[in-house]
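Asker: Got upload_7.csv for you, CSV, C-alpha atoms:
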chain,number,residue,atom,x,y,z
A,907,MET,CA,0.0,0.0,0.0
A,908,ALA,CA,1.1,3.6,-0.7
A,909,GLY,CA,0.7,4.5,2.9
A,910,GLN,CA,3.4,2.0,3.9
A,911,VAL,CA,6.1,3.7,1.8
A,912,LYS,CA,8.7,5.2,4.1
A,913,ASN,CA,8.5,9.0,4.3
A,914,LEU,CA,5.4,9.1,2.1
A,915,LYS,CA,2.2,10.7,3.5
A,916,ILE,CA,-1.3,10.7,1.8
A,917,LYS,CA,-3.9,13.2,2.9
A,918,GLY,CA,-7.0,14.2,1.0
A,919,GLY,CA,-6.0,12.2,-2.0
A,920,ARG,CA,-2.7,14.1,-2.3
A,921,PHE,CA,0.9,12.9,-1.7
A,922,TYR,CA,3.5,14.5,0.6
A,923,ALA,CA,7.1,13.7,1.6
A,924,ARG,CA,7.5,13.6,5.4
A,925,VAL,CA,10.5,13.5,7.7
A,926,SER,CA,10.2,13.3,11.5
A,927,VAL,CA,12.1,16.0,13.4
A,928,PRO,CA,14.3,14.7,16.3
A,929,ALA,CA,12.9,15.7,19.7
A,930,HIS,CA,15.9,17.9,20.6
A,931,LEU,CA,15.5,19.9,17.4
A,932,ARG,CA,11.7,20.5,17.6
A,933,PRO,CA,12.1,23.8,19.6
A,934,THR,CA,14.5,25.1,16.9
A,935,LEU,CA,12.3,24.1,13.9
A,936,GLY,CA,9.0,24.7,15.7
A,937,LYS,CA,7.4,21.4,14.5
A,938,SER,CA,7.6,17.7,15.0
A,939,GLU,CA,7.5,16.8,11.3
A,940,LEU,CA,8.7,18.4,8.1
A,941,VAL,CA,6.4,18.0,5.1
A,942,THR,CA,6.5,19.0,1.4
A,943,ALA,CA,3.8,18.5,-1.2
A,944,LEU,CA,4.4,16.1,-4.1
A,945,GLY,CA,1.1,16.6,-6.0
A,946,GLY,CA,-1.9,14.3,-6.6
A,947,GLU,CA,-0.5,11.8,-9.1
A,948,ARG,CA,1.0,8.8,-7.5
A,949,ARG,CA,3.6,7.9,-10.1
A,950,ALA,CA,5.0,11.5,-10.2
A,951,ALA,CA,5.0,11.7,-6.4
A,952,MET,CA,7.0,8.5,-6.1
A,953,ARG,CA,9.6,9.8,-8.6
A,954,ALA,CA,9.9,13.1,-6.6
A,955,LEU,CA,9.9,11.5,-3.2
A,956,PRO,CA,13.7,10.7,-2.8
A,957,ALA,CA,14.8,14.3,-3.7
A,958,ALA,CA,12.1,15.8,-1.5
A,959,VAL,CA,13.1,13.7,1.5
A,960,ALA,CA,16.8,14.6,0.9
A,961,THR,CA,15.8,18.3,1.0
A,962,LEU,CA,14.0,17.9,4.2
A,963,GLN,CA,16.9,16.0,5.7
A,964,ARG,CA,19.2,18.8,4.8
A,965,GLN,CA,17.0,21.2,6.7
A,966,ILE,CA,17.2,19.0,9.7
A,967,ALA,CA,21.0,18.8,9.3
A,968,ALA,CA,21.2,22.6,9.1
A,969,ALA,CA,19.2,22.9,12.3
A,970,GLU,CA,21.5,20.4,14.0
A,971,ALA,CA,24.6,22.4,12.9
A,972,LYS,CA,23.0,25.6,14.2
A,973,THR,CA,22.1,24.0,17.5
A,974,ALA,CA,25.7,22.7,17.9
A,975,GLY,CA,27.1,26.1,17.0
A,976,ASP,CA,24.8,27.8,19.6
A,977,ARG,CA,26.0,25.3,22.2
A,978,MET,CA,29.6,26.2,21.3
A,979,ASP,CA,28.9,29.9,21.6
A,980,ASP,CA,27.4,29.3,25.1
A,981,LEU,CA,30.7,27.9,26.1
A,982,ARG,CA,32.7,30.9,24.8
A,983,THR,CA,33.7,34.0,26.6
A,984,PRO,CA,32.8,37.5,25.3
A,985,ILE,CA,35.8,39.3,23.9
A,986,THR,CA,37.5,41.9,26.1
A,987,THR,CA,39.8,44.9,25.6
A,988,ALA,CA,42.8,42.8,26.6
A,989,ASP,CA,41.8,40.3,23.9
A,990,TYR,CA,41.8,43.1,21.3
A,991,GLY,CA,45.4,44.0,22.2
A,992,SER,CA,46.5,40.4,22.1
A,993,ALA,CA,44.8,39.8,18.7
A,994,VAL,CA,46.5,42.9,17.2
A,995,TRP,CA,50.0,42.1,18.5
A,996,LYS,CA,49.8,38.5,17.4
A,997,ARG,CA,48.6,39.3,14.0
A,998,TYR,CA,51.3,41.9,13.5
A,999,GLN,CA,54.0,39.5,14.7
A,1000,ALA,CA,52.7,36.7,12.5
A,1001,MET,CA,52.7,38.9,9.4
A,1002,LEU,CA,56.3,39.9,10.0
A,1003,ALA,CA,57.3,36.3,10.6
A,1004,GLU,CA,55.5,35.3,7.4
A,1005,ASP,CA,57.5,38.0,5.6
A,1006,GLU,CA,60.8,36.8,7.0
A,1007,ALA,CA,60.0,33.2,5.9
A,1008,LYS,CA,59.0,34.3,2.4
A,1009,ARG,CA,62.2,36.4,2.0
A,1010,ASP,CA,64.2,33.3,2.9
A,1011,ARG,CA,62.5,31.4,0.1
A,1012,LEU,CA,63.1,34.1,-2.5
A,1013,PRO,CA,66.1,33.7,-4.8
A,1014,SER,CA,69.2,35.3,-3.3
A,1015,GLY,CA,71.6,37.5,-5.3
A,1016,ASP,CA,74.1,34.7,-5.4
A,1017,ALA,CA,71.5,32.3,-6.7
A,1018,ILE,CA,70.6,34.7,-9.5
A,1019,GLU,CA,74.2,35.3,-10.4
A,1020,ALA,CA,74.8,31.5,-10.5
A,1021,GLU,CA,71.8,31.1,-12.9
A,1022,GLN,CA,73.2,33.9,-15.1
A,1023,ASP,CA,76.6,32.1,-15.2
A,1024,ARG,CA,74.9,28.8,-16.1
A,1025,LEU,CA,72.9,30.4,-18.9
A,1026,MET,CA,76.1,32.0,-20.3
A,1027,GLN,CA,77.9,28.7,-20.2
A,1028,ARG,CA,75.1,27.0,-22.1
A,1029,ALA,CA,75.1,29.8,-24.7
A,1030,GLN,CA,78.9,29.5,-25.1
A,1031,ALA,CA,78.6,25.8,-25.5
A,1032,GLY,CA,76.1,26.2,-28.3
A,1033,GLN,CA,73.3,24.7,-26.3
A,1034,ILE,CA,71.0,27.7,-27.0
A,1035,ALA,CA,70.0,28.8,-30.5
A,1036,LEU,CA,70.8,32.4,-30.1
A,1037,ALA,CA,69.4,33.3,-33.5
A,1038,ASP,CA,66.0,32.0,-32.3
A,1039,PRO,CA,64.2,34.5,-30.0
A,1040,LEU,CA,61.8,31.8,-28.7
A,1041,ALA,CA,64.7,29.5,-27.8
A,1042,VAL,CA,66.5,32.3,-26.0
A,1043,LEU,CA,63.3,33.2,-24.1
A,1044,ASP,CA,62.7,29.5,-23.2
A,1045,ALA,CA,66.2,29.1,-21.9
A,1046,SER,CA,66.0,32.4,-19.9
A,1047,LEU,CA,62.6,31.7,-18.2
A,1048,ASP,CA,64.1,30.4,-14.9
A,1049,LEU,CA,66.4,33.5,-14.7
A,1050,LEU,CA,63.5,35.9,-15.5
A,1051,VAL,CA,61.3,34.3,-12.8
A,1052,MET,CA,64.1,34.5,-10.2
A,1053,LYS,CA,64.7,38.2,-11.0
A,1054,ASP,CA,61.0,39.1,-10.9
A,1055,ALA,CA,60.1,37.1,-7.8
A,1056,GLN,CA,61.0,39.9,-5.3
A,1057,ALA,CA,59.3,42.6,-7.4
A,1058,PHE,CA,56.2,40.5,-7.8
A,1059,ASP,CA,56.0,39.8,-4.0
A,1060,GLN,CA,56.5,43.6,-3.3
A,1061,SER,CA,53.7,44.5,-5.8
A,1062,ALA,CA,51.4,42.0,-4.1
A,1063,ARG,CA,52.1,43.5,-0.7
A,1064,ARG,CA,51.5,47.0,-2.0
A,1065,ALA,CA,48.2,46.0,-3.5
A,1066,LYS,CA,47.0,44.5,-0.3
A,1067,LEU,CA,48.1,47.5,1.7
A,1068,ASP,CA,46.1,49.8,-0.7
A,1069,ALA,CA,43.1,47.5,-0.4
A,1070,LEU,CA,43.2,47.5,3.4
A,1071,ARG,CA,43.5,51.3,3.6
A,1072,ALA,CA,40.5,51.7,1.2
A,1073,ASP,CA,38.5,49.1,3.1
A,1074,LEU,CA,39.2,50.7,6.5
A,1075,THR,CA,38.0,54.0,5.1
A,1076,GLU,CA,34.8,52.4,3.7
A,1077,ASN,CA,34.2,50.2,6.8
A,1078,ARG,CA,34.6,47.0,4.8
A,1079,THR,CA,36.1,44.1,6.7
A,1080,HIS,CA,36.0,41.1,4.3
A,1081,LEU,CA,39.9,41.0,4.1
A,1082,VAL,CA,40.2,40.1,7.8
A,1083,GLU,CA,37.0,38.1,8.5
A,1084,HIS,CA,38.9,34.8,8.3
A,1085,GLU,CA,41.5,36.1,10.7
A,1086,ILE,CA,38.7,37.2,13.1
A,1087,ASP,CA,37.2,33.7,13.1
A,1088,ALA,CA,40.5,32.0,13.5
A,1089,TYR,CA,41.4,34.1,16.5
A,1090,LEU,CA,38.0,33.7,18.1
A,1091,ASP,CA,38.1,29.9,17.6
A,1092,ARG,CA,41.7,29.6,18.9
A,1093,HIS,CA,40.8,31.4,22.1
A,1094,SER,CA,37.2,30.3,22.6
A,1095,LEU,CA,35.9,33.8,22.4
A,1096,THR,CA,32.7,35.2,20.9
A,1097,ALA,CA,32.1,38.3,18.8
A,1098,PRO,CA,28.9,37.8,16.9
A,1099,GLU,CA,28.5,39.0,13.3
A,1100,GLY,CA,27.1,42.6,13.3
A,1101,SER,CA,28.2,43.3,16.9
A,1102,ALA,CA,30.2,46.3,17.9
A,1103,GLU,CA,32.8,44.0,19.4
A,1104,ARG,CA,33.4,42.3,16.1
A,1105,ALA,CA,33.6,45.6,14.2
A,1106,THR,CA,36.2,46.9,16.7
A,1107,LEU,CA,38.3,43.7,16.4
A,1108,ALA,CA,38.1,43.9,12.6
A,1109,LYS,CA,39.3,47.5,12.4
A,1110,ARG,CA,42.1,46.8,14.9
A,1111,LEU,CA,43.3,43.8,12.9
A,1112,MET,CA,43.2,45.8,9.7
A,1113,ARG,CA,45.3,48.5,11.3
A,1114,ALA,CA,47.7,45.8,12.5
A,1115,GLU,CA,48.0,44.4,9.0
A,1116,ILE,CA,48.5,47.9,7.5
A,1117,GLU,CA,51.3,48.5,10.0
A,1118,ALA,CA,52.9,45.2,9.3
A,1119,LEU,CA,52.8,45.7,5.5
A,1120,GLN,CA,54.4,49.1,5.9
A,1121,ARG,CA,57.2,47.5,7.9
A,1122,THR,CA,57.8,44.9,5.1
A,1123,LEU,CA,58.1,47.8,2.6
A,1124,GLU,CA,60.6,49.4,4.9
A,1125,ARG,CA,62.5,46.1,4.9
A,1126,ASP,CA,62.6,46.3,1.1
A,1127,ARG,CA,64.4,49.6,1.4
A,1128,GLY,CA,67.0,48.0,3.7
A,1129,ASP,CA,65.6,49.0,7.1
A,1130,ARG,CA,65.9,45.8,9.1
A,1131,GLY,CA,65.3,47.4,12.5
A,1132,GLY,CA,62.8,46.3,15.2
A,1133,PRO,CA,59.0,46.6,15.1
A,1134,ALA,CA,57.5,50.0,14.9
A,1135,TRP,CA,55.4,49.3,18.0
Please lay out the structure from this file as structure tokens.
Answerer:
Amino acid sequence: MAGQVKNLKIKGGRFYARVSVPAHLRPTLGKSELVTALGGERRAAMRALPAAVATLQRQIAAAEAKTAGDRMDDLRTPITTADYGSAVWKRYQAMLAEDEAKRDRLPSGDAIEAEQDRLMQRAQAGQIALADPLAVLDASLDLLVMKDAQAFDQSARRAKLDALRADLTENRTHLVEHEIDAYLDRHSLTAPEGSAERATLAKRLMRAEIEALQRTLERDRGDRGGPAW
């Protein structure tokens, strides 16, 4: 019988998909059962039933995730002024450490000079068709990439600095949202979206990133002194 099909409900000659809501989620969803109409034709209803049930189950899964998130938030501590200071300083230090590590990975002057010598030796040995521009370009690609690596990295940092300054002026925070969430998660703190606390943290982190990027550009000019703070 049709009424015995799992998750299928018949009422008034029409068919419905139905999924029972777990007891602990009923206060969240406000009902004990989720139902969606499948129409009045049995064959079409049976074809639509699996997809309809899957959609209802996703609604239950979303409610489960929200409930779990709410429980996590209940265990978290509201962010404080001291936390702002800690977040800013840690982000500033992390960016400078990332910059140091990146510089260590960039080709050194000695490495670039060695690549130039290798290229010259290949040319002298006749291993590069000097009359063919494409062959010369292909042989020189590694050297060109090595020479441009530092300039490309500097350009990327300047672009991010400009973007952060513009966003700070326009009260846009998307560039630091992932940093906010990471800091809150690491320290079991809460600063809900749309709250004044989150806005304050976002602006302070943006200023920390701006300050750190400015320091990296000073390093480009040869200033290897200590932090500006």
Asker: Nearest to A:Ser1101 among A:Gly1015, A:Gly946, A:Gly1128, A:Pro984, with distances taken over only C-alpha atoms: which residue is it?
Answerer: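 Under the stated criterion, the closest residue is A:Pro984.
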Asker: Measuring between only C-alpha atoms, which one of A:Asp1048, A:Glu939, A:Asp1068, A:Glu1117 shows the shortest distance to A:Gln965?
Answerer: A:Glu939
Asker: Any idea what the distance is between atom CA of A:Glu1021 and atom CA of A:Leu1049?
Answerer: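 Straight-line distance from atom CA of A:Glu1021 to atom CA of A:Leu1049 works out to 6.2 Å.
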Asker: For stretch 1085-1087 of chain A, work out the shell of residues within 12 Å, counting all atoms listed in the file and skipping chain neighbours fewer than 4 positions away, then give it as a PyMOL selection string.
Answerer: chain A and resi 985+989-990+993-994+996-998+1000-1001+1079-1081+1091-1099+1103-1112+1114-1115
Asker: Can you pull out every residue within 12 Å of A:Glu970, counting all atoms listed in the file, but drop anything in the same chain fewer than 6 positions away, and send it as a short mmCIF file (atom, residue, chain, number, x, y, z; two decimals) with C-alpha atoms, in the coordinates of the input?
Answerer:
data_model
loop_
_atom_site.label_atom_id
_atom_site.label_comp_id
_atom_site.auth_asym_id
_atom_site.auth_seq_id
_atom_site.Cartn_x
_atom_site.Cartn_y
_atom_site.Cartn_z
CA VAL A 927 12.10 16.00 13.40
CA PRO A 928 14.30 14.70 16.30
CA ALA A 929 12.90 15.70 19.70
CA HIS A 930 15.90 17.90 20.60
CA LEU A 931 15.50 19.90 17.40
CA ARG A 932 11.70 20.50 17.60
CA PRO A 933 12.10 23.80 19.60
CA THR A 934 14.50 25.10 16.90
CA LEU A 935 12.30 24.10 13.90
CA GLN A 963 16.90 16.00 5.70
CA ARG A 964 19.20 18.80 4.80
CA ASP A 976 24.80 27.80 19.60
CA ARG A 977 26.00 25.30 22.20
#
Asker: For A:Lys1066, which residue among A:Ala1020, A:Ile1116, A:Leu1040, A:Leu1025 is the nearest when counting all atoms listed in the file?
Answerer: A:Ile1116
Asker: Could you list, as a ChimeraX atom specification, every residue within 10 Å of A:Lys1008, counting all atoms listed in the file and ignoring same-chain residues fewer than 5 positions away?
Answerer: /A:1002-1003,1056,1059
Asker: Check the smallest atom-to-atom distance from each of A:Ala1057, A:Ile916, A:Ala1088, A:Met1052 to A:Ala1017 using only C-alpha atoms, then report the winner.
Answerer: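 Closest to A:Ala1017 of all the choices is A:Met1052.
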Asker: To one decimal in Å, tell me the separation between atom CA of A:Val941 and atom CA of A:Ala923.
Answerer: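 For atom CA of A:Val941 relative to atom CA of A:Ala923, the distance reads 5.6 Å.
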Asker: Compare A:Gln910, A:Thr1122, A:Thr986, A:Ser1046 by their minimum atom-to-atom distance to A:Glu1004, counting all atoms listed in the file, and give me the closest one.
Answerer: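 Smallest distance to A:Glu1004 is found for A:Thr1122.
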Asker: Find the residue from A:Arg1113, A:Lys915, A:Arg1071, A:Arg1078 that sits nearest to A:Ala951; use all atoms listed in the file when measuring.
Answerer: A:Lys915
Asker: Pull the neighbourhood of (-5.5, 14.7, 0.0) for me: all residues within 12 Å in file coordinates, counting all atoms listed in the file, as a list in words.
Answerer: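 So the residues meeting the distance criterion are Lys915, Ile916, Lys917, Gly918, Gly919, Arg920, Phe921, Tyr922, Ala943, Leu944, Gly945, Gly946, Glu947 and Arg948 of chain A.
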Asker: Report, in Å with one decimal, the straight-line distance from atom CA of A:Arg1009 to atom CA of A:Asp1023.
Answerer: 22.8 Å
Asker: From (8.0, 5.1, 6.4), in the file's coordinates, out to 12 Å: which residues are reached, counting all atoms listed in the file? Answer as a list in words.
Answerer: Met907, Ala908, Gly909, Gln910, Val911, Lys912, Asn913, Leu914, Lys915, Ile916, Tyr922, Ala923, Arg924, Val925, Ser926, Leu955 and Val959 of chain A
